[in-house]
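This is structure_0.pdb. It holds PDB, C-alpha atoms, pLDDT in the B column.
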```
ATOM      1  CA  ASN A   1      12.336  30.605 -21.180  1.00 53.00           C
ATOM      2  CA  ALA A   2       9.668  27.956 -21.500  1.00 72.00           C
ATOM      3  CA  GLY A   3       8.336  26.510 -18.300  1.00 91.00           C
ATOM      4  CA  VAL A   4       7.999  22.856 -17.370  1.00 95.00           C
ATOM      5  CA  MET A   5       6.184  21.046 -20.145  1.00 96.00           C
ATOM      6  CA  GLN A   6       4.096  17.948 -19.751  1.00 97.00           C
ATOM      7  CA  ASN A   7       2.398  15.897 -22.388  1.00 96.00           C
ATOM      8  CA  PRO A   8      -0.106  14.743 -23.038  1.00 97.00           C
ATOM      9  CA  ARG A   9      -2.325  17.068 -21.025  1.00 96.00           C
ATOM     10  CA  HIS A  10      -5.106  14.500 -21.048  1.00 97.00           C
ATOM     11  CA  LEU A  11      -4.733  10.762 -21.441  1.00 98.00           C
ATOM     12  CA  VAL A  12      -7.483   8.168 -21.557  1.00 98.00           C
ATOM     13  CA  ARG A  13      -6.620   4.519 -21.167  1.00 98.00           C
ATOM     14  CA  ARG A  14      -8.614   1.343 -20.733  1.00 97.00           C
ATOM     15  CA  ARG A  15      -7.882  -0.972 -17.844  1.00 97.00           C
ATOM     16  CA  GLY A  16      -4.837  -3.090 -18.557  1.00 97.00           C
ATOM     17  CA  GLN A  17      -3.224  -0.667 -21.008  1.00 98.00           C
ATOM     18  CA  GLU A  18       0.007   1.237 -20.444  1.00 98.00           C
ATOM     19  CA  ALA A  19       0.220   4.964 -19.772  1.00 98.00           C
ATOM     20  CA  ARG A  20       3.332   6.991 -20.544  1.00 98.00           C
ATOM     21  CA  LEU A  21       3.562  10.516 -19.201  1.00 98.00           C
ATOM     22  CA  ARG A  22       6.301  12.868 -20.333  1.00 98.00           C
ATOM     23  CA  CYS A  23       7.912  15.804 -18.615  1.00 97.00           C
ATOM     24  CA  SER A  24      10.396  18.235 -20.108  1.00 97.00           C
ATOM     25  CA  PRO A  25      11.998  20.285 -17.338  1.00 95.00           C
ATOM     26  CA  MET A  26      12.827  23.935 -17.624  1.00 92.00           C
ATOM     27  CA  LYS A  27      15.987  24.697 -19.545  1.00 89.00           C
ATOM     28  CA  GLY A  28      19.014  24.217 -17.340  1.00 84.00           C
ATOM     29  CA  HIS A  29      17.133  22.126 -14.768  1.00 87.00           C
ATOM     30  CA  SER A  30      18.552  18.710 -14.032  1.00 85.00           C
ATOM     31  CA  HIS A  31      16.261  17.641 -11.187  1.00 88.00           C
ATOM     32  CA  VAL A  32      12.761  16.302 -11.777  1.00 93.00           C
ATOM     33  CA  TYR A  33      10.020  15.405  -9.313  1.00 94.00           C
ATOM     34  CA  TRP A  34       6.746  13.612  -9.990  1.00 97.00           C
ATOM     35  CA  TYR A  35       3.660  14.143  -7.836  1.00 97.00           C
ATOM     36  CA  ARG A  36       0.194  12.622  -8.055  1.00 97.00           C
ATOM     37  CA  GLN A  37      -3.044  14.296  -7.074  1.00 94.00           C
ATOM     38  CA  LEU A  38      -6.016  12.029  -6.511  1.00 90.00           C
ATOM     39  CA  PRO A  39      -9.490  13.605  -6.575  1.00 83.00           C
ATOM     40  CA  GLU A  40     -10.205  15.782  -3.524  1.00 80.00           C
ATOM     41  CA  GLU A  41      -6.665  15.332  -2.194  1.00 84.00           C
ATOM     42  CA  GLY A  42      -3.389  17.207  -2.136  1.00 88.00           C
ATOM     43  CA  LEU A  43      -0.380  16.380  -4.237  1.00 93.00           C
ATOM     44  CA  LYS A  44       1.631  13.384  -3.095  1.00 95.00           C
ATOM     45  CA  PHE A  45       5.308  12.896  -3.852  1.00 94.00           C
ATOM     46  CA  MET A  46       6.134   9.920  -6.035  1.00 96.00           C
ATOM     47  CA  VAL A  47       9.734  10.093  -7.223  1.00 95.00           C
ATOM     48  CA  TYR A  48      12.755  12.385  -7.490  1.00 92.00           C
ATOM     49  CA  LEU A  49      15.193  11.949 -10.351  1.00 92.00           C
ATOM     50  CA  GLN A  50      18.351  13.484 -11.632  1.00 90.00           C
ATOM     51  CA  LYS A  51      19.724  12.752 -15.068  1.00 88.00           C
ATOM     52  CA  GLU A  52      20.085   8.963 -15.364  1.00 90.00           C
ATOM     53  CA  ASN A  53      19.561   8.479 -11.615  1.00 92.00           C
ATOM     54  CA  ILE A  54      16.612   7.795  -9.357  1.00 93.00           C
ATOM     55  CA  ILE A  55      17.355   9.616  -6.112  1.00 88.00           C
ATOM     56  CA  ASP A  56      14.202   8.939  -4.090  1.00 88.00           C
ATOM     57  CA  GLU A  57      11.330   6.697  -5.168  1.00 92.00           C
ATOM     58  CA  SER A  58       9.769   6.290  -1.755  1.00 91.00           C
ATOM     59  CA  GLY A  59       6.383   7.505  -2.992  1.00 93.00           C
ATOM     60  CA  MET A  60       6.127   5.189  -5.969  1.00 95.00           C
ATOM     61  CA  PRO A  61       3.785   2.204  -5.788  1.00 94.00           C
ATOM     62  CA  LYS A  62       5.886  -0.944  -5.714  1.00 90.00           C
ATOM     63  CA  GLU A  63       4.317  -2.490  -8.779  1.00 94.00           C
ATOM     64  CA  ARG A  64       3.386  -1.262 -12.252  1.00 97.00           C
ATOM     65  CA  PHE A  65       4.967   2.207 -11.836  1.00 97.00           C
ATOM     66  CA  SER A  66       8.385   3.210 -13.086  1.00 97.00           C
ATOM     67  CA  ALA A  67      10.180   6.451 -13.871  1.00 97.00           C
ATOM     68  CA  GLU A  68      13.255   7.459 -15.779  1.00 96.00           C
ATOM     69  CA  PHE A  69      15.119  10.626 -16.697  1.00 95.00           C
ATOM     70  CA  PRO A  70      17.536   9.730 -19.480  1.00 93.00           C
ATOM     71  CA  LYS A  71      20.607  11.700 -20.456  1.00 90.00           C
ATOM     72  CA  GLU A  72      18.737  12.996 -23.486  1.00 90.00           C
ATOM     73  CA  GLY A  73      15.040  13.629 -23.703  1.00 92.00           C
ATOM     74  CA  PRO A  74      12.196  14.078 -21.257  1.00 95.00           C
ATOM     75  CA  SER A  75      11.514  12.310 -18.015  1.00 97.00           C
ATOM     76  CA  ILE A  76       8.989   9.495 -18.414  1.00 98.00           C
ATOM     77  CA  LEU A  77       6.545   8.177 -15.838  1.00 98.00           C
ATOM     78  CA  ARG A  78       5.273   4.776 -16.973  1.00 98.00           C
ATOM     79  CA  ILE A  79       2.255   3.013 -15.553  1.00 98.00           C
ATOM     80  CA  GLN A  80       1.730  -0.534 -16.746  1.00 97.00           C
ATOM     81  CA  GLN A  81      -1.596  -2.384 -16.674  1.00 97.00           C
ATOM     82  CA  VAL A  82      -3.503   0.661 -15.487  1.00 97.00           C
ATOM     83  CA  VAL A  83      -6.435   0.302 -13.119  1.00 97.00           C
ATOM     84  CA  ARG A  84      -9.262   2.737 -12.353  1.00 95.00           C
ATOM     85  CA  GLY A  85      -7.533   3.814  -9.152  1.00 94.00           C
ATOM     86  CA  ASP A  86      -4.671   5.242 -11.219  1.00 96.00           C
ATOM     87  CA  SER A  87      -7.005   7.973 -12.506  1.00 96.00           C
ATOM     88  CA  ALA A  88      -5.483  11.184 -11.210  1.00 96.00           C
ATOM     89  CA  ALA A  89      -3.602  14.306 -12.168  1.00 96.00           C
ATOM     90  CA  TYR A  90       0.129  13.716 -12.435  1.00 98.00           C
ATOM     91  CA  PHE A  91       2.364  16.755 -11.972  1.00 97.00           C
ATOM     92  CA  CYS A  92       6.000  17.108 -12.778  1.00 97.00           C
ATOM     93  CA  ALA A  93       8.249  19.732 -11.206  1.00 95.00           C
ATOM     94  CA  SER A  94      11.829  20.667 -11.953  1.00 92.00           C
ATOM     95  CA  SER A  95      14.590  22.523 -10.204  1.00 85.00           C
ATOM     96  CA  PRO A  96      18.061  23.705 -11.217  1.00 77.00           C
ATOM     97  CA  ILE A  97      19.848  22.316  -8.202  1.00 68.00           C
ATOM     98  CA  LEU A  98      18.998  20.539  -5.004  1.00 57.00           C
ATOM     99  CA  ALA A  99      15.613  22.044  -4.231  1.00 51.00           C
ATOM    100  CA  HIS A 100      15.606  22.567  -0.526  1.00 52.00           C
ATOM    101  CA  SER A 101      14.560  26.141  -0.389  1.00 51.00           C
ATOM    102  CA  TYR A 102      11.561  28.236  -1.307  1.00 50.00           C
ATOM    103  CA  ASN A 103      10.405  28.421  -4.851  1.00 46.00           C
ATOM    104  CA  GLU A 104      12.964  26.351  -6.611  1.00 69.00           C
ATOM    105  CA  GLN A 105      10.501  23.673  -7.718  1.00 84.00           C
ATOM    106  CA  PHE A 106       8.592  24.807 -10.786  1.00 89.00           C
ATOM    107  CA  PHE A 107       5.516  22.792 -11.694  1.00 94.00           C
ATOM    108  CA  GLY A 108       4.158  21.783 -15.049  1.00 96.00           C
ATOM    109  CA  PRO A 109       0.453  21.944 -15.948  1.00 96.00           C
ATOM    110  CA  GLY A 110      -0.079  18.256 -15.247  1.00 97.00           C
ATOM    111  CA  THR A 111      -1.365  15.242 -17.143  1.00 97.00           C
ATOM    112  CA  ARG A 112      -4.866  14.133 -16.330  1.00 96.00           C
ATOM    113  CA  LEU A 113      -5.088  10.368 -16.638  1.00 97.00           C
ATOM    114  CA  THR A 114      -8.507   8.774 -16.910  1.00 97.00           C
ATOM    115  CA  VAL A 115      -8.778   5.003 -16.803  1.00 97.00           C
ATOM    116  CA  LEU A 116     -12.008   3.620 -18.214  1.00 95.00           C
TER     117      LEU A 116
ATOM    118  CA  ASP B 117      -0.560   9.395   7.689  1.00 69.00           C
ATOM    119  CA  GLN B 118      -1.361  13.022   6.859  1.00 80.00           C
ATOM    120  CA  GLN B 119       1.694  14.957   8.019  1.00 92.00           C
ATOM    121  CA  VAL B 120       0.444  18.291   6.694  1.00 95.00           C
ATOM    122  CA  LYS B 121      -3.199  19.118   7.258  1.00 95.00           C
ATOM    123  CA  GLN B 122      -5.471  21.841   6.015  1.00 96.00           C
ATOM    124  CA  ASN B 123      -8.647  21.286   7.951  1.00 92.00           C
ATOM    125  CA  SER B 124     -10.806  23.797   6.107  1.00 94.00           C
ATOM    126  CA  PRO B 125     -11.781  22.467   2.676  1.00 94.00           C
ATOM    127  CA  SER B 126     -13.133  25.858   1.654  1.00 96.00           C
ATOM    128  CA  LEU B 127     -13.231  29.519   2.628  1.00 97.00           C
ATOM    129  CA  SER B 128     -15.445  32.288   1.311  1.00 97.00           C
ATOM    130  CA  VAL B 129     -14.467  35.937   1.761  1.00 98.00           C
ATOM    131  CA  GLN B 130     -15.738  39.301   0.591  1.00 97.00           C
ATOM    132  CA  GLU B 131     -13.499  41.347  -1.664  1.00 97.00           C
ATOM    133  CA  GLY B 132     -11.341  43.747   0.323  1.00 97.00           C
ATOM    134  CA  ARG B 133     -11.473  41.678   3.511  1.00 97.00           C
ATOM    135  CA  ILE B 134      -8.752  39.476   4.948  1.00 98.00           C
ATOM    136  CA  SER B 135      -8.453  35.807   3.991  1.00 98.00           C
ATOM    137  CA  ILE B 136      -6.806  33.535   6.547  1.00 98.00           C
ATOM    138  CA  LEU B 137      -5.845  30.031   5.499  1.00 98.00           C
ATOM    139  CA  ASN B 138      -4.562  27.611   8.099  1.00 98.00           C
ATOM    140  CA  CYS B 139      -2.227  24.645   8.051  1.00 97.00           C
ATOM    141  CA  ASP B 140      -1.001  22.229  10.733  1.00 97.00           C
ATOM    142  CA  TYR B 141       1.853  19.772  10.575  1.00 97.00           C
ATOM    143  CA  THR B 142       2.959  16.874  12.716  1.00 95.00           C
ATOM    144  CA  ASN B 143       6.498  16.096  11.564  1.00 90.00           C
ATOM    145  CA  SER B 144       9.071  18.046  13.577  1.00 90.00           C
ATOM    146  CA  MET B 145      11.661  17.327  10.851  1.00 86.00           C
ATOM    147  CA  PHE B 146       9.986  19.904   8.618  1.00 89.00           C
ATOM    148  CA  ASP B 147      11.898  23.153   8.602  1.00 86.00           C
ATOM    149  CA  TYR B 148      10.733  24.976   5.494  1.00 88.00           C
ATOM    150  CA  PHE B 149       7.155  25.764   4.609  1.00 92.00           C
ATOM    151  CA  LEU B 150       5.611  26.970   1.389  1.00 91.00           C
ATOM    152  CA  TRP B 151       2.248  28.070   0.081  1.00 95.00           C
ATOM    153  CA  TYR B 152       1.216  27.267  -3.454  1.00 94.00           C
ATOM    154  CA  LYS B 153      -1.747  28.591  -5.401  1.00 96.00           C
ATOM    155  CA  LYS B 154      -3.456  26.445  -7.993  1.00 94.00           C
ATOM    156  CA  TYR B 155      -6.037  27.282 -10.631  1.00 94.00           C
ATOM    157  CA  PRO B 156      -8.101  24.534 -12.288  1.00 89.00           C
ATOM    158  CA  ALA B 157      -6.264  22.646 -15.039  1.00 85.00           C
ATOM    159  CA  GLU B 158      -2.948  24.259 -14.109  1.00 90.00           C
ATOM    160  CA  GLY B 159       0.010  23.247 -12.003  1.00 93.00           C
ATOM    161  CA  PRO B 160       0.688  24.795  -8.587  1.00 94.00           C
ATOM    162  CA  THR B 161       2.535  28.095  -8.579  1.00 93.00           C
ATOM    163  CA  PHE B 162       4.703  29.193  -5.695  1.00 89.00           C
ATOM    164  CA  LEU B 163       3.322  32.016  -3.573  1.00 93.00           C
ATOM    165  CA  ILE B 164       5.368  32.550  -0.442  1.00 93.00           C
ATOM    166  CA  SER B 165       7.545  30.586   1.955  1.00 90.00           C
ATOM    167  CA  ILE B 166       8.987  30.712   5.437  1.00 92.00           C
ATOM    168  CA  SER B 167      11.946  29.121   7.135  1.00 89.00           C
ATOM    169  CA  SER B 168      11.575  27.648  10.597  1.00 90.00           C
ATOM    170  CA  ILE B 169      13.990  30.221  11.975  1.00 90.00           C
ATOM    171  CA  LYS B 170      11.416  32.938  11.315  1.00 93.00           C
ATOM    172  CA  ASP B 171       7.897  33.463  12.549  1.00 95.00           C
ATOM    173  CA  LYS B 172       6.698  35.815   9.825  1.00 97.00           C
ATOM    174  CA  ASN B 173       7.377  36.535   6.187  1.00 96.00           C
ATOM    175  CA  GLU B 174       5.617  39.187   4.165  1.00 97.00           C
ATOM    176  CA  ASP B 175       5.363  39.760   0.426  1.00 95.00           C
ATOM    177  CA  GLY B 176       2.929  42.413  -0.688  1.00 97.00           C
ATOM    178  CA  ARG B 177      -0.605  41.350   0.183  1.00 97.00           C
ATOM    179  CA  PHE B 178       0.574  37.947   1.399  1.00 98.00           C
ATOM    180  CA  THR B 179       1.939  37.198   4.858  1.00 98.00           C
ATOM    181  CA  VAL B 180       2.781  33.803   6.267  1.00 98.00           C
ATOM    182  CA  PHE B 181       2.987  33.234  10.018  1.00 98.00           C
ATOM    183  CA  LEU B 182       4.685  30.248  11.622  1.00 97.00           C
ATOM    184  CA  ASN B 183       4.112  29.024  15.184  1.00 97.00           C
ATOM    185  CA  LYS B 184       6.669  26.257  15.659  1.00 95.00           C
ATOM    186  CA  SER B 185       5.567  25.282  19.137  1.00 95.00           C
ATOM    187  CA  ALA B 186       2.022  24.738  17.901  1.00 96.00           C
ATOM    188  CA  LYS B 187       3.216  23.276  14.563  1.00 96.00           C
ATOM    189  CA  HIS B 188       0.864  25.678  12.848  1.00 97.00           C
ATOM    190  CA  LEU B 189       1.165  28.131  10.001  1.00 97.00           C
ATOM    191  CA  SER B 190      -1.242  30.496   8.360  1.00 98.00           C
ATOM    192  CA  LEU B 191      -1.437  32.536   5.195  1.00 98.00           C
ATOM    193  CA  HIS B 192      -3.019  35.970   5.359  1.00 98.00           C
ATOM    194  CA  ILE B 193      -4.162  37.724   2.215  1.00 98.00           C
ATOM    195  CA  VAL B 194      -5.173  41.335   2.635  1.00 97.00           C
ATOM    196  CA  PRO B 195      -6.977  42.850   0.922  1.00 97.00           C
ATOM    197  CA  SER B 196      -8.494  39.845  -0.826  1.00 98.00           C
ATOM    198  CA  GLN B 197      -9.296  40.166  -4.517  1.00 97.00           C
ATOM    199  CA  PRO B 198     -11.552  38.078  -6.783  1.00 96.00           C
ATOM    200  CA  GLY B 199      -8.446  36.973  -8.709  1.00 96.00           C
ATOM    201  CA  ASP B 200      -7.212  35.311  -5.536  1.00 97.00           C
ATOM    202  CA  SER B 201      -9.947  32.701  -5.909  1.00 97.00           C
ATOM    203  CA  ALA B 202      -8.081  29.412  -6.273  1.00 97.00           C
ATOM    204  CA  VAL B 203      -7.016  26.339  -4.322  1.00 96.00           C
ATOM    205  CA  TYR B 204      -4.263  27.050  -1.819  1.00 97.00           C
ATOM    206  CA  PHE B 205      -1.879  24.310  -0.753  1.00 96.00           C
ATOM    207  CA  CYS B 206       0.399  24.362   2.217  1.00 96.00           C
ATOM    208  CA  ALA B 207       3.592  22.311   1.750  1.00 94.00           C
ATOM    209  CA  ALA B 208       6.597  21.422   3.858  1.00 92.00           C
ATOM    210  CA  LEU B 209      10.208  20.400   3.301  1.00 87.00           C
ATOM    211  CA  PRO B 210      12.424  18.483   5.710  1.00 82.00           C
ATOM    212  CA  ASN B 211      15.700  19.906   6.932  1.00 71.00           C
ATOM    213  CA  ALA B 212      18.840  19.728   4.834  1.00 60.00           C
ATOM    214  CA  GLY B 213      21.034  16.689   5.056  1.00 57.00           C
ATOM    215  CA  GLY B 214      18.186  14.237   5.265  1.00 50.00           C
ATOM    216  CA  THR B 215      17.438  11.764   2.527  1.00 47.00           C
ATOM    217  CA  SER B 216      14.100  13.369   1.752  1.00 49.00           C
ATOM    218  CA  TYR B 217      15.425  16.734   0.623  1.00 63.00           C
ATOM    219  CA  GLY B 218      13.369  18.250  -2.151  1.00 75.00           C
ATOM    220  CA  LYS B 219      10.397  16.047  -1.319  1.00 83.00           C
ATOM    221  CA  LEU B 220       7.463  18.380  -0.784  1.00 89.00           C
ATOM    222  CA  THR B 221       4.697  17.149   1.502  1.00 92.00           C
ATOM    223  CA  PHE B 222       1.409  18.862   0.687  1.00 94.00           C
ATOM    224  CA  GLY B 223      -1.776  19.488   2.607  1.00 95.00           C
ATOM    225  CA  GLN B 224      -5.135  18.664   1.064  1.00 94.00           C
ATOM    226  CA  GLY B 225      -5.780  22.222  -0.064  1.00 95.00           C
ATOM    227  CA  THR B 226      -8.315  24.928   0.754  1.00 96.00           C
ATOM    228  CA  ILE B 227     -10.588  26.374  -1.918  1.00 96.00           C
ATOM    229  CA  LEU B 228     -10.688  30.146  -1.501  1.00 98.00           C
ATOM    230  CA  THR B 229     -13.534  32.068  -3.082  1.00 98.00           C
ATOM    231  CA  VAL B 230     -13.404  35.849  -2.999  1.00 97.00           C
ATOM    232  CA  HIS B 231     -16.747  37.460  -3.792  1.00 96.00           C
ATOM    233  CA  PRO B 232     -16.873  40.873  -5.484  1.00 92.00           C
TER     234      PRO B 232
END
```
The structure in this file should be written as C-alpha cells.
Amino acid sequence: NAGVMQNPRHLVRRRGQEARLRCSPMKGHSHVYWYRQLPEEGLKFMVYLQKENIIDESGMPKERFSAEFPKEGPSILRIQQVVRGDSAAYFCASSPILAHSYNEQFFGPGTRLTVL
Amino acid sequence: DQQVKQNSPSLSVQEGRISILNCDYTNSMFDYFLWYKKYPAEGPTFLISISSIKDKNEDGRFTVFLNKSAKHLSLHIVPSQPGDSAVYFCAALPNAGGTSYGKLTFGQGTILTVHP
C-alpha cells in the first residue's frame, strides 16, 4: 500500500511564474490536508479538502493560492505569480475518514519550492 | 499567534539517557495532542498521542505526559538512541464538533541529537 505521494519533490520557479504541487493520497483516503513549513518554523495548516469540496481553507493566503481535489486524480495546490516568500516545504497529508484522532493523518514527503 | 509552542529549539542527549521534549499550548479548545518525528527531506511521521482525558500514554520507549491545568505536555524517550536524532513536533487538535476538526496546529519543533 503506497503512502502519500507528492510531486515534484523539488520545484524551482522564478518570481511571477505559477507553481503546481500535486498530492496523491493513500489508497482509500478521501480527505486531504495541505500544510506549509517555512524555514525554521513548524508546519502550518493551509487547507482541508474532500473529493470535490473545500472543507476548511482558513489557512490559505487570500490571494494567489488555490487548491482542488477533483473526483479523479490528485489534489493540486496552485500558487500563481510566486514571490520569494512562497519558498517553503509544502506537505500533504491524507486520512480515510474525518481525522480527529491520533495517527489518522499520514504525511507525504513534501515538495520543496524555491522561488528565485 | 503561536498556539502551540516548543521553546527549546534543540536538545542534545547522550545515548542511553532520557530525552525530555516539552510543549506548551494556549488554546483550551485543544483536546488531542500528538508528537511527530521528522527526518530531513521527509514528511512527519506519527509517534504517539494523548487524549485530554488522560495524563499519560506509553508506547515502548516513548511516553507522553499531559498536564491540562498547566497546558503543558512532554515527550519522554528512554533510553535514547542515535536513531532517535530528528526534529520532533508537538501538534494539537481541537475537540470534535468544531469547524476546525482535522486541522493540526504544530509547534516550531525541537531538534534532538542523541550522541553515541
Could I get the residues of chain B with an atom no further than 6 Å from an atom of chain A, each paired with its nearest atom pair and that distance in Å to one decimal, using all atoms listed in the file, sorted by chain and residue number, as CSV?
```
residue,atom,partner,partner_atom,distance
B:Glu158,CA,A:Pro109,CA,4.5
B:Gly159,CA,A:Pro109,CA,4.2
B:Phe162,CA,A:Asn103,CA,5.8
B:Ser165,CA,A:Tyr102,CA,5.7
B:Tyr217,CA,A:His100,CA,5.9
B:Gly218,CA,A:Ala99,CA,4.9
B:Phe222,CA,A:Leu43,CA,5.8
B:Gly223,CA,A:Gly42,CA,5.5
B:Gln224,CA,A:Gly42,CA,3.9
B:Gly225,CA,A:Gly42,CA,5.9
```
### Task
Calculate how many Å separate CA of Gln80 (chain A) from CA of Arg13 (chain A), rounding to one decimal.
10.7 Å
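Counting all atoms listed in the file and comparing B:Leu127, B:Leu209, B:Val203, B:Ile136, the residue that lies closest to Ser167 (chain B) is B:Leu209.
We find CA of Val129 (chain B) and CA of Lys170 (chain B) to be spaced 27.8 Å apart.
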### Query
Near Asp175 (chain B), within 9 Å and counting only C-alpha atoms, which residues show up once chain neighbours fewer than 4 positions away are dropped, as a VMD selection string?
chain B and resid 163 to 164 179 to 180
### Output of the PyMOL selection byres ((chain A and resi 84) around 7), listed as a PyMOL selection string
chain A and resi 15+82-83+85-87+115-116
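The gap separating CA of Gly3 (chain A) from CA of Glu18 (chain A) is 26.7 Å, in Å to one decimal.
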### Task
On this file, the PyMOL selection byres ((chain B and resi 184) around 12) gives some set of residues; write that set as a list in words.
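This file gives the following for the PyMOL selection byres ((chain B and resi 184) around 12): Cys139, Asp140, Tyr141, Thr142, Asn143, Ser144, Met145, Phe146, Asp147, Tyr148, Phe149, Ile166, Ser167, Ser168, Ile169, Lys170, Asp171, Lys172, Phe181, Leu182, Asn183, Ser185, Ala186, Lys187, His188, Leu189 and Ser190 of chain B.
For the file shown, the residue list from the PyMOL selection byres ((chain B and resi 153) around 9) reads Trp151, Tyr152, Lys154, Tyr155, Gly159, Pro160, Thr161, Phe162, Leu163, Asp200, Ala202, Val203, Tyr204, Phe205 and Cys206 of chain B.
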#### Entry: Counting only C-alpha atoms, the residue of B:Leu150, B:Ala207, B:Leu228, B:Lys219 that sits nearest Ser94 (chain A)
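Residue with the minimum atom-to-atom distance to Ser94 (chain A): B:Lys219.
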### His231 (chain B) environment, 9 Å, only C-alpha atoms, sequence neighbours closer than 2 positions dropped, as a list of chain:residue names
B:Ser128, B:Val129, B:Gln130, B:Glu131, B:Gln197, B:Pro198, B:Ser201, B:Thr229
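Using only C-alpha atoms, the shortest contact distance between Gly199 (chain B) and any of B:Ser126, B:Gln119, B:Glu174, B:Pro232 is found at B:Pro232.
Comparing the minimum interatomic distances between Ile134 (chain B) and each of B:Thr221, B:Gln122, B:Ser196, B:Asn173, counting all atoms listed in the file, we find that B:Ser196 sits nearest.
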### Query
Which is closest to Arg64 (chain A) among A:Ala19, A:Leu11, A:Ala88, A:Ile76, if we use only C-alpha atoms?
A:Ala19
Given 3 Å on each side, where is the centre and what are the edge lengths in Å to one decimal of the axis-aligned box enclosing the listed atoms of region 153-169 of chain B, as lines of an AutoDock Vina configuration file?
```
center_x = 2.9
center_y = 27.6
center_z = -1.5
size_x = 28.1
size_y = 15.9
size_z = 33.0
```
